[in-house]
file final_16.cif (mmCIF, N, CA and C atoms)
data_query
#
loop_
_atom_site.label_atom_id
_atom_site.label_comp_id
_atom_site.auth_asym_id
_atom_site.auth_seq_id
_atom_site.Cartn_x
_atom_site.Cartn_y
_atom_site.Cartn_z
N MET B 1 137.85 57.19 123.95
CA MET B 1 136.51 57.13 123.45
C MET B 1 135.56 57.93 124.36
N ARG B 2 135.69 57.71 125.69
CA ARG B 2 134.85 58.44 126.63
C ARG B 2 135.13 59.94 126.58
N ARG B 3 136.39 60.25 126.40
CA ARG B 3 136.77 61.66 126.34
C ARG B 3 136.15 62.33 125.12
N ASN B 4 136.13 61.65 123.98
CA ASN B 4 135.51 62.20 122.77
C ASN B 4 134.02 62.44 122.99
N ARG B 5 133.36 61.48 123.64
CA ARG B 5 131.93 61.65 123.93
C ARG B 5 131.70 62.85 124.85
N ALA B 6 132.57 63.00 125.83
CA ALA B 6 132.44 64.12 126.76
C ALA B 6 132.63 65.45 126.02
N LEU B 7 133.61 65.50 125.12
CA LEU B 7 133.85 66.72 124.34
C LEU B 7 132.67 67.01 123.42
N ILE B 8 132.11 65.98 122.81
CA ILE B 8 130.95 66.16 121.95
C ILE B 8 129.76 66.67 122.79
N GLY B 9 129.60 66.13 123.98
CA GLY B 9 128.52 66.57 124.87
C GLY B 9 128.68 68.02 125.27
N VAL B 10 129.92 68.42 125.59
CA VAL B 10 130.19 69.81 125.96
C VAL B 10 129.93 70.73 124.77
N ALA B 11 130.41 70.34 123.60
CA ALA B 11 130.18 71.16 122.40
C ALA B 11 128.69 71.30 122.10
N PHE B 12 127.96 70.21 122.24
CA PHE B 12 126.52 70.24 122.01
C PHE B 12 125.84 71.17 123.02
N SER B 13 126.24 71.09 124.27
CA SER B 13 125.66 71.95 125.32
C SER B 13 125.94 73.42 125.04
N ILE B 14 127.14 73.72 124.60
CA ILE B 14 127.49 75.10 124.27
C ILE B 14 126.66 75.60 123.09
N ALA B 15 126.48 74.74 122.09
CA ALA B 15 125.67 75.13 120.93
C ALA B 15 124.23 75.41 121.33
N ILE B 16 123.66 74.59 122.19
CA ILE B 16 122.29 74.79 122.67
C ILE B 16 122.20 76.09 123.47
N LEU B 17 123.17 76.34 124.33
CA LEU B 17 123.19 77.56 125.12
C LEU B 17 123.28 78.79 124.22
N ALA B 18 124.14 78.74 123.21
CA ALA B 18 124.26 79.85 122.27
C ALA B 18 122.95 80.09 121.54
N LEU B 19 122.27 79.03 121.16
CA LEU B 19 120.98 79.15 120.48
C LEU B 19 119.96 79.81 121.39
N LEU B 20 119.92 79.41 122.64
CA LEU B 20 118.98 80.01 123.59
C LEU B 20 119.28 81.48 123.83
N ILE B 21 120.54 81.82 123.93
CA ILE B 21 120.93 83.21 124.16
C ILE B 21 120.55 84.07 122.96
N THR B 22 120.85 83.62 121.75
CA THR B 22 120.54 84.44 120.58
C THR B 22 119.05 84.51 120.32
N THR B 23 118.31 83.48 120.65
CA THR B 23 116.86 83.52 120.50
C THR B 23 116.28 84.54 121.46
N GLY B 24 116.83 84.65 122.63
CA GLY B 24 116.36 85.63 123.60
C GLY B 24 116.67 87.05 123.19
N CYS B 25 117.51 87.24 122.21
CA CYS B 25 117.90 88.58 121.77
C CYS B 25 117.18 89.02 120.51
N THR B 26 116.14 88.32 120.13
CA THR B 26 115.40 88.74 118.95
C THR B 26 114.72 90.06 119.23
N PRO B 27 114.42 90.84 118.18
CA PRO B 27 113.82 92.15 118.39
C PRO B 27 112.50 92.06 119.15
N SER B 28 112.35 92.96 120.10
CA SER B 28 111.09 93.09 120.81
C SER B 28 110.52 94.45 120.45
N GLY B 29 109.61 94.91 121.23
CA GLY B 29 109.04 96.22 120.96
C GLY B 29 107.86 96.13 120.02
N PRO B 30 107.55 97.24 119.37
CA PRO B 30 106.35 97.27 118.53
C PRO B 30 106.47 96.33 117.33
N THR B 31 105.32 95.88 116.87
CA THR B 31 105.29 95.11 115.63
C THR B 31 105.70 96.04 114.50
N TRP B 32 106.57 95.57 113.62
CA TRP B 32 107.04 96.35 112.47
C TRP B 32 106.56 95.66 111.20
N VAL B 33 105.88 96.41 110.34
CA VAL B 33 105.38 95.87 109.07
C VAL B 33 105.83 96.79 107.94
N ASP B 34 106.40 96.19 106.91
CA ASP B 34 106.84 96.94 105.72
C ASP B 34 106.48 96.10 104.50
N SER B 35 105.19 96.03 104.20
CA SER B 35 104.70 95.14 103.14
C SER B 35 104.21 95.87 101.90
N GLY B 36 104.31 97.18 101.87
CA GLY B 36 103.86 97.94 100.71
C GLY B 36 102.36 98.16 100.65
N ALA B 37 101.68 98.06 101.79
CA ALA B 37 100.22 98.24 101.81
C ALA B 37 99.85 99.68 101.47
N SER B 38 98.64 99.83 100.95
CA SER B 38 98.10 101.15 100.61
C SER B 38 96.80 101.37 101.36
N TYR B 39 96.63 102.57 101.87
CA TYR B 39 95.43 102.93 102.62
C TYR B 39 94.86 104.23 102.08
N THR B 40 93.60 104.45 102.40
CA THR B 40 92.94 105.72 102.12
C THR B 40 92.38 106.24 103.44
N THR B 41 91.92 107.46 103.43
CA THR B 41 91.32 108.03 104.63
C THR B 41 90.13 107.19 105.08
N LYS B 42 89.42 106.58 104.14
CA LYS B 42 88.23 105.80 104.48
C LYS B 42 88.55 104.45 105.12
N ASN B 43 89.68 103.83 104.78
CA ASN B 43 89.93 102.48 105.30
C ASN B 43 91.09 102.37 106.29
N VAL B 44 91.83 103.42 106.53
CA VAL B 44 93.02 103.33 107.38
C VAL B 44 92.67 103.00 108.83
N SER B 45 91.52 103.41 109.31
CA SER B 45 91.18 103.11 110.71
C SER B 45 90.97 101.61 110.94
N GLY B 46 90.84 100.83 109.86
CA GLY B 46 90.77 99.38 109.99
C GLY B 46 92.04 98.77 110.57
N VAL B 47 93.14 99.51 110.51
CA VAL B 47 94.39 99.03 111.11
C VAL B 47 94.20 98.83 112.61
N LEU B 48 93.38 99.65 113.22
CA LEU B 48 93.13 99.52 114.66
C LEU B 48 92.54 98.17 115.02
N ASP B 49 91.78 97.57 114.09
CA ASP B 49 91.16 96.27 114.35
C ASP B 49 92.18 95.14 114.46
N LYS B 50 93.31 95.28 113.78
CA LYS B 50 94.28 94.18 113.78
C LYS B 50 95.38 94.32 114.83
N VAL B 51 95.35 95.39 115.62
CA VAL B 51 96.38 95.61 116.63
C VAL B 51 95.82 95.28 118.02
N ASP B 52 96.54 94.42 118.73
CA ASP B 52 96.14 93.99 120.06
C ASP B 52 96.97 94.71 121.11
N ILE B 53 96.31 95.42 122.00
CA ILE B 53 97.02 96.11 123.09
C ILE B 53 96.71 95.49 124.45
N SER B 54 96.08 94.33 124.45
CA SER B 54 95.64 93.72 125.70
C SER B 54 96.79 93.43 126.68
N SER B 55 97.99 93.24 126.17
CA SER B 55 99.13 92.98 127.07
C SER B 55 99.47 94.20 127.92
N LEU B 56 98.97 95.38 127.54
CA LEU B 56 99.26 96.61 128.28
C LEU B 56 98.07 97.09 129.11
N LYS B 57 96.97 96.34 129.13
CA LYS B 57 95.74 96.82 129.78
C LYS B 57 95.90 97.07 131.28
N ASP B 58 96.86 96.43 131.92
CA ASP B 58 97.10 96.63 133.34
C ASP B 58 98.27 97.58 133.60
N THR B 59 98.75 98.22 132.55
CA THR B 59 99.88 99.14 132.66
C THR B 59 99.37 100.55 132.90
N SER B 60 99.93 101.20 133.90
CA SER B 60 99.54 102.57 134.23
C SER B 60 100.05 103.54 133.18
N ALA B 61 99.23 104.51 132.85
CA ALA B 61 99.65 105.56 131.92
C ALA B 61 100.85 106.33 132.46
N GLY B 62 101.06 106.27 133.76
CA GLY B 62 102.23 106.92 134.36
C GLY B 62 103.55 106.26 133.99
N ASP B 63 103.50 105.04 133.46
CA ASP B 63 104.71 104.31 133.09
C ASP B 63 105.08 104.48 131.61
N THR B 64 104.36 105.31 130.89
CA THR B 64 104.53 105.35 129.44
C THR B 64 105.86 105.94 128.99
N THR B 65 106.42 106.87 129.71
CA THR B 65 107.68 107.48 129.27
C THR B 65 108.76 106.42 129.09
N GLN B 66 108.92 105.58 130.08
CA GLN B 66 109.93 104.51 130.02
C GLN B 66 109.58 103.49 128.94
N LEU B 67 108.32 103.09 128.87
CA LEU B 67 107.90 102.09 127.88
C LEU B 67 108.02 102.62 126.46
N ARG B 68 107.70 103.89 126.27
CA ARG B 68 107.81 104.51 124.94
C ARG B 68 109.27 104.53 124.50
N HIS B 69 110.15 104.92 125.41
CA HIS B 69 111.58 104.96 125.08
C HIS B 69 112.09 103.58 124.69
N LYS B 70 111.70 102.57 125.44
CA LYS B 70 112.12 101.20 125.15
C LYS B 70 111.58 100.75 123.79
N ALA B 71 110.32 101.04 123.51
CA ALA B 71 109.71 100.64 122.24
C ALA B 71 110.42 101.28 121.07
N LEU B 72 110.73 102.57 121.16
CA LEU B 72 111.41 103.26 120.06
C LEU B 72 112.85 102.79 119.92
N THR B 73 113.50 102.49 121.03
CA THR B 73 114.87 101.95 120.97
C THR B 73 114.86 100.58 120.29
N ASP B 74 113.90 99.74 120.65
CA ASP B 74 113.79 98.41 120.04
C ASP B 74 113.51 98.53 118.54
N LEU B 75 112.69 99.49 118.16
CA LEU B 75 112.39 99.71 116.74
C LEU B 75 113.65 100.15 116.00
N ARG B 76 114.44 101.01 116.59
CA ARG B 76 115.69 101.47 115.96
C ARG B 76 116.67 100.31 115.75
N ARG B 77 116.69 99.36 116.66
CA ARG B 77 117.61 98.24 116.56
C ARG B 77 117.35 97.36 115.34
N ARG B 78 116.18 97.48 114.75
CA ARG B 78 115.85 96.69 113.57
C ARG B 78 116.48 97.27 112.31
N GLY B 79 116.97 98.51 112.40
CA GLY B 79 117.67 99.13 111.28
C GLY B 79 116.74 99.55 110.16
N GLY B 80 117.35 100.07 109.10
CA GLY B 80 116.63 100.43 107.89
C GLY B 80 115.42 101.31 108.11
N ASN B 81 114.32 100.97 107.46
CA ASN B 81 113.10 101.77 107.53
C ASN B 81 112.48 101.78 108.93
N ALA B 82 112.69 100.73 109.70
CA ALA B 82 112.18 100.71 111.07
C ALA B 82 112.88 101.79 111.90
N SER B 83 114.17 101.93 111.71
CA SER B 83 114.93 102.95 112.42
C SER B 83 114.50 104.35 111.97
N LEU B 84 114.27 104.51 110.67
CA LEU B 84 113.78 105.80 110.16
C LEU B 84 112.42 106.14 110.75
N ALA B 85 111.56 105.13 110.89
CA ALA B 85 110.24 105.34 111.49
C ALA B 85 110.37 105.81 112.94
N ALA B 86 111.26 105.17 113.70
CA ALA B 86 111.46 105.56 115.09
C ALA B 86 111.96 107.00 115.19
N ASP B 87 112.88 107.37 114.31
CA ASP B 87 113.38 108.74 114.29
C ASP B 87 112.26 109.73 113.96
N LEU B 88 111.43 109.39 112.99
CA LEU B 88 110.32 110.26 112.59
C LEU B 88 109.32 110.42 113.73
N ILE B 89 109.00 109.33 114.40
CA ILE B 89 108.07 109.38 115.54
C ILE B 89 108.65 110.27 116.64
N THR B 90 109.92 110.10 116.92
CA THR B 90 110.57 110.90 117.96
C THR B 90 110.56 112.37 117.61
N LYS B 91 110.82 112.68 116.36
CA LYS B 91 110.88 114.07 115.90
C LYS B 91 109.49 114.71 115.85
N THR B 92 108.49 113.94 115.48
CA THR B 92 107.17 114.50 115.20
C THR B 92 106.26 114.56 116.43
N LEU B 93 106.27 113.52 117.23
CA LEU B 93 105.33 113.44 118.35
C LEU B 93 106.03 113.78 119.66
N PRO B 94 105.33 114.43 120.57
CA PRO B 94 105.96 114.85 121.83
C PRO B 94 106.43 113.67 122.68
N ALA B 95 107.56 113.86 123.32
CA ALA B 95 108.14 112.80 124.14
C ALA B 95 107.33 112.54 125.40
N ASN B 96 106.56 113.52 125.84
CA ASN B 96 105.80 113.37 127.09
C ASN B 96 104.38 112.85 126.85
N THR B 97 104.13 112.32 125.67
CA THR B 97 102.82 111.74 125.39
C THR B 97 102.57 110.52 126.27
N ARG B 98 101.31 110.19 126.50
CA ARG B 98 100.99 108.99 127.27
C ARG B 98 100.74 107.82 126.33
N GLY B 99 101.49 107.74 125.25
CA GLY B 99 101.32 106.68 124.27
C GLY B 99 102.54 105.77 124.18
N VAL B 100 102.27 104.46 124.10
CA VAL B 100 103.33 103.48 123.92
C VAL B 100 103.16 102.85 122.55
N PRO B 101 104.14 102.99 121.65
CA PRO B 101 104.04 102.38 120.33
C PRO B 101 103.94 100.86 120.42
N VAL B 102 102.92 100.29 119.75
CA VAL B 102 102.77 98.84 119.71
C VAL B 102 102.77 98.30 118.29
N TYR B 103 102.58 99.18 117.31
CA TYR B 103 102.51 98.75 115.90
C TYR B 103 102.99 99.91 115.04
N VAL B 104 103.91 99.62 114.13
CA VAL B 104 104.42 100.63 113.19
C VAL B 104 104.46 99.99 111.81
N GLU B 105 103.94 100.70 110.83
CA GLU B 105 103.88 100.17 109.47
C GLU B 105 104.32 101.23 108.47
N ARG B 106 105.11 100.81 107.52
CA ARG B 106 105.48 101.67 106.39
C ARG B 106 104.50 101.33 105.27
N ALA B 107 103.83 102.34 104.74
CA ALA B 107 102.79 102.12 103.73
C ALA B 107 102.60 103.39 102.91
N THR B 108 101.52 103.42 102.15
CA THR B 108 101.11 104.66 101.50
C THR B 108 99.72 105.02 101.99
N MET B 109 99.47 106.32 102.06
CA MET B 109 98.16 106.83 102.47
C MET B 109 97.73 107.81 101.40
N ASN B 110 96.64 107.49 100.72
CA ASN B 110 96.15 108.32 99.61
C ASN B 110 97.26 108.56 98.59
N GLY B 111 98.07 107.53 98.34
CA GLY B 111 99.14 107.61 97.35
C GLY B 111 100.44 108.23 97.84
N GLN B 112 100.48 108.68 99.08
CA GLN B 112 101.66 109.35 99.64
C GLN B 112 102.39 108.41 100.60
N SER B 113 103.71 108.37 100.52
CA SER B 113 104.51 107.56 101.43
C SER B 113 104.22 107.98 102.87
N ALA B 114 104.02 106.99 103.74
CA ALA B 114 103.62 107.31 105.11
C ALA B 114 104.05 106.21 106.08
N TYR B 115 103.98 106.55 107.35
CA TYR B 115 104.18 105.60 108.44
C TYR B 115 102.94 105.61 109.31
N LEU B 116 102.45 104.43 109.62
CA LEU B 116 101.31 104.28 110.51
C LEU B 116 101.84 103.87 111.87
N LEU B 117 101.31 104.48 112.91
CA LEU B 117 101.71 104.19 114.28
C LEU B 117 100.46 103.97 115.10
N VAL B 118 100.38 102.82 115.76
CA VAL B 118 99.31 102.58 116.73
C VAL B 118 99.96 102.57 118.11
N GLU B 119 99.40 103.40 118.98
CA GLU B 119 99.88 103.48 120.35
C GLU B 119 98.80 102.99 121.30
N ALA B 120 99.22 102.45 122.43
CA ALA B 120 98.32 102.18 123.54
C ALA B 120 98.35 103.43 124.41
N ILE B 121 97.17 103.98 124.69
CA ILE B 121 97.10 105.21 125.48
C ILE B 121 96.08 105.03 126.60
N GLY B 122 96.08 105.97 127.53
CA GLY B 122 95.12 105.96 128.61
C GLY B 122 95.11 107.29 129.33
N PRO B 123 94.10 107.50 130.17
CA PRO B 123 94.03 108.75 130.94
C PRO B 123 95.17 108.83 131.95
N ALA B 124 95.49 110.03 132.38
CA ALA B 124 96.62 110.25 133.29
C ALA B 124 96.58 109.35 134.52
N ASN B 125 95.43 109.12 135.07
CA ASN B 125 95.32 108.30 136.29
C ASN B 125 94.76 106.92 135.99
N GLY B 126 94.86 106.47 134.75
CA GLY B 126 94.29 105.18 134.38
C GLY B 126 95.31 104.26 133.73
N ASN B 127 94.79 103.25 133.06
CA ASN B 127 95.62 102.26 132.38
C ASN B 127 95.55 102.44 130.88
N LEU B 128 96.44 101.76 130.18
CA LEU B 128 96.53 101.86 128.72
C LEU B 128 95.51 100.91 128.08
N THR B 129 94.33 101.43 127.84
CA THR B 129 93.24 100.60 127.33
C THR B 129 92.65 101.12 126.01
N THR B 130 93.21 102.18 125.47
CA THR B 130 92.70 102.78 124.24
C THR B 130 93.79 102.76 123.18
N LYS B 131 93.38 102.59 121.92
CA LYS B 131 94.32 102.62 120.79
C LYS B 131 94.23 103.98 120.10
N ARG B 132 95.40 104.52 119.75
CA ARG B 132 95.44 105.75 118.96
C ARG B 132 96.26 105.47 117.71
N LEU B 133 95.71 105.84 116.57
CA LEU B 133 96.38 105.66 115.28
C LEU B 133 96.85 107.00 114.76
N TRP B 134 98.11 107.07 114.44
CA TRP B 134 98.70 108.23 113.77
C TRP B 134 99.13 107.78 112.38
N VAL B 135 98.91 108.61 111.39
CA VAL B 135 99.50 108.41 110.07
C VAL B 135 100.34 109.64 109.80
N LEU B 136 101.63 109.40 109.63
CA LEU B 136 102.60 110.49 109.41
C LEU B 136 103.19 110.38 108.03
N SER B 137 103.30 111.52 107.35
CA SER B 137 104.01 111.51 106.06
C SER B 137 105.48 111.27 106.35
N SER B 138 106.22 110.93 105.33
CA SER B 138 107.67 110.70 105.50
C SER B 138 108.39 111.95 105.98
N ALA B 139 107.77 113.12 105.76
CA ALA B 139 108.36 114.38 106.21
C ALA B 139 107.90 114.75 107.61
N GLY B 140 106.95 114.01 108.18
CA GLY B 140 106.51 114.28 109.54
C GLY B 140 105.17 114.99 109.66
N ALA B 141 104.51 115.26 108.54
CA ALA B 141 103.19 115.88 108.62
C ALA B 141 102.17 114.85 109.10
N VAL B 142 101.26 115.28 109.96
CA VAL B 142 100.21 114.40 110.46
C VAL B 142 99.11 114.33 109.39
N LEU B 143 98.90 113.12 108.83
CA LEU B 143 97.92 112.94 107.79
C LEU B 143 96.58 112.44 108.33
N PHE B 144 96.63 111.80 109.50
CA PHE B 144 95.41 111.22 110.08
C PHE B 144 95.67 110.89 111.54
N VAL B 145 94.65 111.09 112.38
CA VAL B 145 94.70 110.67 113.79
C VAL B 145 93.33 110.12 114.13
N GLY B 146 93.31 108.98 114.80
CA GLY B 146 92.05 108.40 115.23
C GLY B 146 92.26 107.58 116.49
N THR B 147 91.21 107.41 117.28
CA THR B 147 91.29 106.58 118.49
C THR B 147 90.14 105.59 118.53
N ARG B 148 90.35 104.56 119.27
CA ARG B 148 89.32 103.54 119.50
C ARG B 148 89.63 102.82 120.78
#
call {"tool": "encode", "arguments": {"input": "final_16.cif", "output": "structure tokens"}}
result
Amino acid sequence: MRRNRALIGVAFSIAILALLITTGCTPSGPTWVDSGASYTTKNVSGVLDKVDISSLKDTSAGDTTQLRHKALTDLRRRGGNASLAADLITKTLPANTRGVPVYVERATMNGQSAYLLVEAIGPANGNLTTKRLWVLSSAGAVLFVGTR
């Protein structure tokens, strides 16, 4: 009887440990949204209002290369359209930019399929305290750029 309880306890502990390990492996990186939203040139900058970059406010712009790579890798791990978005961002925007992706959305812009990217950016000798919004067509054309 005691042995059965001990085995049940061990099995329960292993199950809890497995749950903790897999929970720790959930996707990180930029927020990914694929809800079918539609934007126009007049309202797309409103996306900047809903993106929070405060977690990066103490991050030096000198650290962006590594952070950008990690963010795009994490986005690719989500598969499907998120992975396509990461590939498009990599192909379209320069790798040496001082921007760290924090929000990526698949949507339409003026009726055209597009990807929205909000990056945290900052001056070369400063911190990441500014938001930059890119809207890219599915082919990689820049449809809109704005900062705040």
call {"tool": "resolve_selection", "arguments": {"input": "final_16.cif", "expression": "the PyMOL selection byres ((chain B and resi 121) around 8)", "output": "list in words"}}
result
Ser60, Ala61, Thr97, Arg98, Gly99, Val100, Pro101, Val118, Glu119, Ala120, Gly122, Pro123, Ala124, Gly126, Asn127, Leu128, Thr129, Thr130, Lys131 and Arg132 of chain B
call {"tool": "residues_around", "arguments": {"input": "final_16.cif", "residues": "Gly111 (chain B)", "least_positions_apart": "4", "cutoff": "7 Å", "atoms": "all atoms listed in the file", "output": "JSON, numbers by chain"}}
result
{"B": [38, 39, 40]}
call {"tool": "resolve_selection", "arguments": {"input": "final_16.cif", "expression": "the PyMOL selection byres ((chain B and resi 73-84) around 7)", "output": "PyMOL selection string"}}
result
chain B and resi 27-30+32+68-72+85-89
call {"tool": "select_by_dssp", "arguments": {"input": "final_16.cif", "residues": "region 1-144 of chain B", "states": "alpha helix (DSSP H)", "output": "MDAnalysis selection string"}}
result
chainID B and resid 2:23 64:76 80:92
call {"tool": "closest_residue", "arguments": {"input": "final_16.cif", "among": "B:Thr41, B:Ala107, B:Val102, B:Lys91", "to": "Ile53 (chain B)", "atoms": "all atoms listed in the file"}}
result
B:Val102
call {"tool": "decode", "arguments": {"input": "final_16.cif", "residues": "region 21-101 of chain B", "atoms": "C-alpha atoms", "output": "PDB file, in the first residue's frame"}}
result
ATOM      1  CA  ILE B  21       8.939  22.508 -18.350  1.00  0.00           C
ATOM      2  CA  THR B  22       6.475  22.710 -21.238  1.00  0.00           C
ATOM      3  CA  THR B  23       4.925  25.903 -19.892  1.00  0.00           C
ATOM      4  CA  GLY B  24       8.378  27.454 -19.852  1.00  0.00           C
ATOM      5  CA  CYS B  25       8.736  26.597 -23.535  1.00  0.00           C
ATOM      6  CA  THR B  26       5.781  28.591 -24.778  1.00  0.00           C
ATOM      7  CA  PRO B  27       6.542  31.009 -27.610  1.00  0.00           C
ATOM      8  CA  SER B  28       8.229  34.216 -26.591  1.00  0.00           C
ATOM      9  CA  GLY B  29       9.305  37.094 -28.730  1.00  0.00           C
ATOM     10  CA  PRO B  30       7.058  39.588 -30.451  1.00  0.00           C
ATOM     11  CA  THR B  31       3.309  39.531 -30.073  1.00  0.00           C
ATOM     12  CA  TRP B  32       1.790  37.780 -33.110  1.00  0.00           C
ATOM     13  CA  VAL B  33      -1.714  38.706 -34.278  1.00  0.00           C
ATOM     14  CA  ASP B  34      -3.547  37.149 -37.233  1.00  0.00           C
ATOM     15  CA  SER B  35      -7.158  38.258 -36.787  1.00  0.00           C
ATOM     16  CA  GLY B  36      -8.038  39.522 -40.269  1.00  0.00           C
ATOM     17  CA  ALA B  37      -7.999  43.208 -39.290  1.00  0.00           C
ATOM     18  CA  SER B  38      -8.169  45.896 -41.967  1.00  0.00           C
ATOM     19  CA  TYR B  39      -6.394  49.237 -41.875  1.00  0.00           C
ATOM     20  CA  THR B  40      -6.142  52.340 -44.007  1.00  0.00           C
ATOM     21  CA  THR B  41      -3.398  54.911 -44.263  1.00  0.00           C
ATOM     22  CA  LYS B  42      -5.477  57.152 -41.986  1.00  0.00           C
ATOM     23  CA  ASN B  43      -5.940  54.689 -39.104  1.00  0.00           C
ATOM     24  CA  VAL B  44      -2.937  52.329 -39.199  1.00  0.00           C
ATOM     25  CA  SER B  45      -0.819  54.489 -36.891  1.00  0.00           C
ATOM     26  CA  GLY B  46      -3.350  53.670 -34.148  1.00  0.00           C
ATOM     27  CA  VAL B  47      -1.573  50.311 -33.877  1.00  0.00           C
ATOM     28  CA  LEU B  48       1.249  52.170 -32.133  1.00  0.00           C
ATOM     29  CA  ASP B  49      -1.153  53.028 -29.293  1.00  0.00           C
ATOM     30  CA  LYS B  50      -1.767  49.378 -28.426  1.00  0.00           C
ATOM     31  CA  VAL B  51       1.877  48.238 -28.402  1.00  0.00           C
ATOM     32  CA  ASP B  52       3.850  48.494 -25.170  1.00  0.00           C
ATOM     33  CA  ILE B  53       7.637  48.728 -25.414  1.00  0.00           C
ATOM     34  CA  SER B  54       8.241  49.708 -21.789  1.00  0.00           C
ATOM     35  CA  SER B  55       9.985  46.401 -21.037  1.00  0.00           C
ATOM     36  CA  LEU B  56      12.800  47.526 -23.386  1.00  0.00           C
ATOM     37  CA  LYS B  57      13.146  51.130 -22.134  1.00  0.00           C
ATOM     38  CA  ASP B  58      16.383  50.314 -20.278  1.00  0.00           C
ATOM     39  CA  THR B  59      17.826  48.326 -23.187  1.00  0.00           C
ATOM     40  CA  SER B  60      20.705  49.886 -25.088  1.00  0.00           C
ATOM     41  CA  ALA B  61      20.281  50.331 -28.821  1.00  0.00           C
ATOM     42  CA  GLY B  62      23.688  48.657 -29.052  1.00  0.00           C
ATOM     43  CA  ASP B  63      22.061  45.355 -28.034  1.00  0.00           C
ATOM     44  CA  THR B  64      19.507  45.293 -30.842  1.00  0.00           C
ATOM     45  CA  THR B  65      21.296  42.924 -33.225  1.00  0.00           C
ATOM     46  CA  GLN B  66      21.095  40.035 -30.766  1.00  0.00           C
ATOM     47  CA  LEU B  67      17.574  40.925 -29.587  1.00  0.00           C
ATOM     48  CA  ARG B  68      16.305  41.291 -33.162  1.00  0.00           C
ATOM     49  CA  HIS B  69      17.701  37.886 -34.105  1.00  0.00           C
ATOM     50  CA  LYS B  70      16.066  36.276 -31.072  1.00  0.00           C
ATOM     51  CA  ALA B  71      12.714  37.961 -31.772  1.00  0.00           C
ATOM     52  CA  LEU B  72      12.666  36.810 -35.405  1.00  0.00           C
ATOM     53  CA  THR B  73      13.751  33.290 -34.430  1.00  0.00           C
ATOM     54  CA  ASP B  74      10.955  33.124 -31.852  1.00  0.00           C
ATOM     55  CA  LEU B  75       8.469  34.347 -34.467  1.00  0.00           C
ATOM     56  CA  ARG B  76       9.606  31.637 -36.904  1.00  0.00           C
ATOM     57  CA  ARG B  77       9.067  28.954 -34.257  1.00  0.00           C
ATOM     58  CA  ARG B  78       5.346  29.719 -34.305  1.00  0.00           C
ATOM     59  CA  GLY B  79       5.159  28.390 -37.867  1.00  0.00           C
ATOM     60  CA  GLY B  80       2.694  29.258 -40.603  1.00  0.00           C
ATOM     61  CA  ASN B  81       2.068  32.929 -41.290  1.00  0.00           C
ATOM     62  CA  ALA B  82       4.215  34.006 -38.336  1.00  0.00           C
ATOM     63  CA  SER B  83       7.194  32.274 -39.921  1.00  0.00           C
ATOM     64  CA  LEU B  84       6.395  33.867 -43.290  1.00  0.00           C
ATOM     65  CA  ALA B  85       6.276  37.267 -41.581  1.00  0.00           C
ATOM     66  CA  ALA B  86       9.702  36.705 -40.008  1.00  0.00           C
ATOM     67  CA  ASP B  87      11.137  35.714 -43.385  1.00  0.00           C
ATOM     68  CA  LEU B  88       9.610  38.800 -45.037  1.00  0.00           C
ATOM     69  CA  ILE B  89      10.984  41.101 -42.324  1.00  0.00           C
ATOM     70  CA  THR B  90      14.428  39.540 -42.679  1.00  0.00           C
ATOM     71  CA  LYS B  91      14.362  39.881 -46.459  1.00  0.00           C
ATOM     72  CA  THR B  92      12.955  43.413 -46.555  1.00  0.00           C
ATOM     73  CA  LEU B  93      14.521  45.296 -43.653  1.00  0.00           C
ATOM     74  CA  PRO B  94      18.263  45.631 -43.027  1.00  0.00           C
ATOM     75  CA  ALA B  95      19.780  43.302 -40.459  1.00  0.00           C
ATOM     76  CA  ASN B  96      21.837  46.114 -38.921  1.00  0.00           C
ATOM     77  CA  THR B  97      18.801  48.205 -37.996  1.00  0.00           C
ATOM     78  CA  ARG B  98      18.495  49.394 -34.400  1.00  0.00           C
ATOM     79  CA  GLY B  99      14.983  47.962 -34.187  1.00  0.00           C
ATOM     80  CA  VAL B 100      13.698  45.068 -32.098  1.00  0.00           C
ATOM     81  CA  PRO B 101      10.393  43.542 -33.274  1.00  0.00           C
TER      82      PRO B 101
END
